[in-house]
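Right, one structure below, let's go through it.
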Amino acid sequence: MRLHLLALLAKEPAHGYELKQALEQTFGAAYPSPNIGQIYVTLARLEKDGLVRAVDVEQSNRPNKKVYYLTATGREALTTWVEEPTEGPRVRDEFYMKLVLAPLTGIADRMALISRQRRHYLGLMRELNEVMERSESTVARLLVEGAMLHLQADLDWLERCQEELC
Amino acid sequence: MSTARAATRWISADLRARKGQAALTVLAVAGILAALLTGATLLEEGTNPWRSLFGQTNGAHIWIHTTERPDVWRLRELDGVATSAGPYRSAPVTLVQDGKRPQAALRGLPAQLPEVARPQVQEGRWLSSEQPDGAVVERSFARASGLRLGAPLTLNTVGGSRQVLYVRGIADSAEQGFYPEWTPGLIWVLPSTLDRIEPKHELSEWVTGLRLADADATQVVSQRVLVELRQVERVYTWREVRAAMELDNRLLGTLLALFGVVGLVAAALALANAAGGRVLGQLRDLATLKSLGFTRGQVALLLVAEHGALGLLGIGIGLAAGWVLPVVLLGAGAAAPLPVLAIGAGAALVVLAAVGLPAWRGGRTPPIPAAPAAPPRGHLSRLARLALLVRLPPALVLGTRDAFTRRVPAFLTAFGLAVPMMMITIGLGVWATLDGFLKNPEQVGQSAALIVKTGKLTQGQAEELIAREPGVERSYPGSTVNALAPGEARSVQVRAIGGSREPYPYPVAEGRGYSQPGEGVAGQGLLDLLGVKIGDRVRLTVGGSPLIVRIVGRVVEPDLDGQVLSVGLDTLEAKDSVPPGYHALVLKPGADPGEVRLRLLSASQEGLDVQRVVNPAERLGVLRPVIAALIAVLALIGLANLLTAIGLGLRDHASDLAVLKAMGLTPRQVTATLVTATGLLVVAGVLTGTAVGAATVTGLIDLQGHTSGVGAGIGRPPAAATLVVTVLAAVSAALAVALIPARRAARAHVTTARLTHGVPSGRS
Amino acid sequence: MLKAHNLVKIYAASGVPVHAVRGLDLEIEAGEFVAIMGPSGSGKSTLIHMLGGLDPRTSGEIWLDGKRVDTLSESGWALLRRKKVGFVFQGFNLVANMTVADNVELPALLAGTSPREARERREQLLDKLSLSDRAEASPGQLSGGEQQRVALARALANRPALLLADEPTGNLDSRNTRDVLRLLGEVHRGGQTIVMVTHDARVAALADRVVSLLDGEIVDDGRIPRRKIAGAGEVIDLR
């Protein structure tokens, strides 16, 4: 979450609660709702690493709050993150291992494994469909769609396994 | 019911999508039918003008000539009589005209044209009291006597007085037959004029016409008239008038029947091709309809309804046009309703039969739409390899390959052109046969151009005059007698002409001509009637004495349905053959029959009776525009067929074209490819059609000739030059037509071509 | 509702018999939504064509609504489809000469619906598939995705008790797929039975049951697990 917060701070300085709101607003249902405590812990670590700088602001009737600014080092770290290519997800190696090894043990045959896995994926897909129905913002829908496409690829790969191995 | 609603939607959508083609189909059918009907009407007009004349003049069925003025009211009260004409006073006169003295009847009619038996004025105007010296002459009489509008008419009355009238009008009438077959000629004048010219009533007669409610009641009514009236000189009916006007039209009927067959086959072909091509192109859609719940029968019915409706619409328009056209263009009477209805019904049956097969085929489409036609096999046809071998440009090679890889469109293209082309060739053959009649009448049994009867002269005088005439090649004395055939209630005609040693130049189609007494030649009709063949002996009875003739040959015989036996004059007994009834004159090549006739007439001082032989082809001239129209319609049908086939081919072709373009063929090359592909098929179709047509035309006309009694041997194939020109014209017209869709396809964008045909469905 | 017993299809193309479906048993309850999946050539399309009577079976039985239908004549099948079955083809198979509106109304008219009702139903369906403005277009003017949606609308025009579909979303982009998914969900909830051949996991995931074919045989037939989820976080792991 470190770099996500840095990115938000690059836009404008903010305090912890504002950051939580900004995350929720931008990603909507697509983003697992962040815990405020987790945000403060992350900010503290970032401050320690010199990536952000905290400034106390006095408030009447309330305790002081900390507004965080992005430092030059922080901006540099952010730039590096944005510029470096992102690794994509790869084949779930766990199912792959099961598929290759299980028949050897005699516990299950491959066809059964694949079929069960397919139904599981379809179950997941159904959930994604439901999430998609509930997503309002474009970015959120894009996230779900990305997940769906990955899932579709997984299913297609299952089909290939079935054709080749069974 | 619900199906009807869904089907209606489909049909209207389909027709909307191919308006042009549908219109072309309707026009083709309508055109053929109109041409056929017009042809039939014109033929009827030419050979049997009585019907329309009778209709136009509101003619009378019975004509009564009496010495005294009859009581017309008593006649009108007779059972079956509707109205009457006259009585008109009529006086015999003689026309004085450069040497000739034709007999005429001067008939007094009022200035107000009568309701019944109203002369139909063709030129000039009817009688008027302002012109008391005016006369209206019956048309055939006017023509035979050379009378024009305004010409003076010099008349000699029986009493010997000479009067001069002027021709104010020329009119048609159904009162009597044509002059000179029916004499005397007819001249109408005002009653006052008649009284002036022939004041003596005892020298004139009274003529009354009766119009009956039922034309078949003439027999009964004429007998009643004879009972009612005294001093009846003569009674005759419309039947006699009609018989006098009729021309023996078996030969013409023969040719028209041939047209009819040609036309109907062509119409059927046009429809079958349009429907068949459309159905082939629509198999996918038809399959879809079935998947939606149309049964096999419903799909077939729907197709019959759609294409049949086009055909029937065409028939309707054709019937209407065929009815109206002769009236409007030629002023002829409308066609008789019965044959029109018969032709219409026949055409409707043909239409439904032609549409039935493709509809049945469409109904049998399986409900899973077939995958788009399998891609053509990749290997080059032999022809294409040959094209490669001689280093033709790529477009030509591809076109050559394309031409034969897709069988169905290839067949449709070639066949769709071959059949109209065959029909056109047959039409040209009929034309050539007509030409043959006109140019070489001797080939149809009309060697003699003039028939001379001795008239007032003696045999010797007549023969001497004929011998002195330089235009005459040869003269054959002849006699015509009736003979009774054994076992036949009717008589046949025996024509004795020339000597057995010097026979009349008959066109012998089979066997040989007669060369000695006791031999004879016959027309096909006679052979069929008596059930004899060449080499057989026939025994006939002429005037009570037997006549035994061995038939040694068959001749082309256009008269009397071919039921004529021709022998040498010396075969007949002397009592029948001496003196000969007439002389048949064969003229020298280049001699004009009209001039020879005039010379003979003036040399004999009108003593000889000289008649020209009417060539059947002369009255057949009216059929030529019909042949031309038929050929034009056939050409249209061929082009329509071609468009159908090209459309079908292009539909299958769309994806190939995209590939070709992607490979770098320019639009021009794509066009060249498509035109080459079509062109090869066009040439194949046109050549096949012409060859088959030329091979069958003589046989077809002869077959028709055979059945009509004329006999085989009249058919002529079209000239080679005509055929070559026709083939070239057909091929270039077809290529020009092929160019249009080819260019459009070549310019179309690749993507649109793919989209409209969807993604091919595969089996997974 | 729909039952197949020992269903076999052998194609005899070019002399060599090809076993497309080998002895297949399948029972589908009324109101059920069944997805048929499997690699190409596994016999999916053949199966669904046979179930709709579009392709005659080689042997075996098909029962629809308690009546044996595999013995029906071609016309008998046609009448049955008219009343009970909607079919979506892989290649859409829209009637090329008819407008989109006419294409969609055709089955309803064929089943005896009045023209007015047919029009209302058509307007409803096209509206749900965001095609209202294309009603008067001809199929040739539509994109693949649009044609596919029209084909679906046509299959549903009659409110058939049984909807058979062969890859009904092959050409759709994600936005249009959403329309289709929504409509299918609605149809399913309305109690119509759906049997659908599909590769698209999004569509298959709507089904109650998934049947996997391989080489003309069923290799898996089971329900898709269902659990209640609260948010995206439970489904998507964002790293």
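Residues are named by chain letter and number: chains run A, B, ... in the order of the structure tokens, numbers start at 1 in each chain, and ligands are numbered from 1 in the order shown.
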Mind checking which residues fall within 12 Å of Leu3 (chain A), counting only C-alpha atoms, ignoring those fewer than 5 positions away in the same chain, and posting them as number ranges by chain?
-> A: 8-10, 39, 42-43, 45-46, 51-52, 70, 74-82; C: 239
Within 12 Å of chain A: residues of chain C, using only C-alpha atoms, as JSON, numbers by chain | {"C": [35, 37, 38, 39, 40, 41, 42, 173, 174, 175, 177, 178, 179, 181, 182, 185, 198, 199, 200, 201, 202, 203, 204, 205, 206, 207, 208, 209, 210, 211, 212, 213, 214, 215, 218, 219, 220, 221, 222, 223, 224, 225, 226, 227, 228, 229, 230, 231, 232, 233, 234, 235, 236, 237, 238, 239]}
Could you list the residues in chain C lying within 9 Å of chain B, using only C-alpha atoms, and format the result as a PyMOL selection string?
-> chain C and resi 38-46+49+52-55+74-83+85-87+89-99+102+105-115+139-144+147+155
Find the residues near Ser84 (chain B): any atom within 9 Å, counting only C-alpha atoms, skip ones fewer than 6 places away on the same chain, and give them as a list in words.
-> Ala60, Val72, Leu75, Arg76, Glu115, Val116, Ala117, Thr208, Gly209, Leu210, Arg211 and Leu212 of chain B
Those same residues, written as a CSV table (one decimal), in the first residue's frame with N, CA and C atoms?
```
chain,number,residue,atom,x,y,z
B,60,ALA,N,-74.6,-8.2,-90.1
B,60,ALA,CA,-75.9,-9.0,-90.1
B,60,ALA,C,-75.5,-10.4,-90.4
B,72,VAL,N,-90.2,-5.4,-93.8
B,72,VAL,CA,-89.1,-5.6,-92.8
B,72,VAL,C,-89.7,-5.9,-91.4
B,75,LEU,N,-90.3,-9.5,-90.9
B,75,LEU,CA,-89.0,-10.2,-90.8
B,75,LEU,C,-88.5,-10.1,-89.3
B,76,ARG,N,-88.6,-8.9,-88.8
B,76,ARG,CA,-88.1,-8.6,-87.5
B,76,ARG,C,-88.8,-9.3,-86.4
B,115,GLU,N,-77.3,1.3,-88.0
B,115,GLU,CA,-76.7,0.6,-86.8
B,115,GLU,C,-76.2,-0.8,-87.1
B,116,VAL,N,-76.9,-1.5,-87.9
B,116,VAL,CA,-76.5,-2.9,-88.2
B,116,VAL,C,-75.9,-2.9,-89.6
B,117,ALA,N,-74.9,-3.7,-89.8
B,117,ALA,CA,-74.2,-3.8,-91.0
B,117,ALA,C,-73.7,-2.4,-91.5
B,208,THR,N,-81.8,-7.1,-97.8
B,208,THR,CA,-82.1,-6.9,-96.4
B,208,THR,C,-81.1,-7.8,-95.5
B,209,GLY,N,-80.6,-7.2,-94.5
B,209,GLY,CA,-79.8,-7.9,-93.6
B,209,GLY,C,-80.5,-8.2,-92.3
B,210,LEU,N,-80.3,-9.4,-91.7
B,210,LEU,CA,-80.9,-9.7,-90.4
B,210,LEU,C,-79.8,-10.0,-89.4
B,211,ARG,N,-79.9,-9.3,-88.3
B,211,ARG,CA,-79.0,-9.7,-87.2
B,211,ARG,C,-79.7,-10.5,-86.2
B,212,LEU,N,-79.1,-11.7,-85.9
B,212,LEU,CA,-79.8,-12.6,-85.1
B,212,LEU,C,-79.3,-12.5,-83.6
```
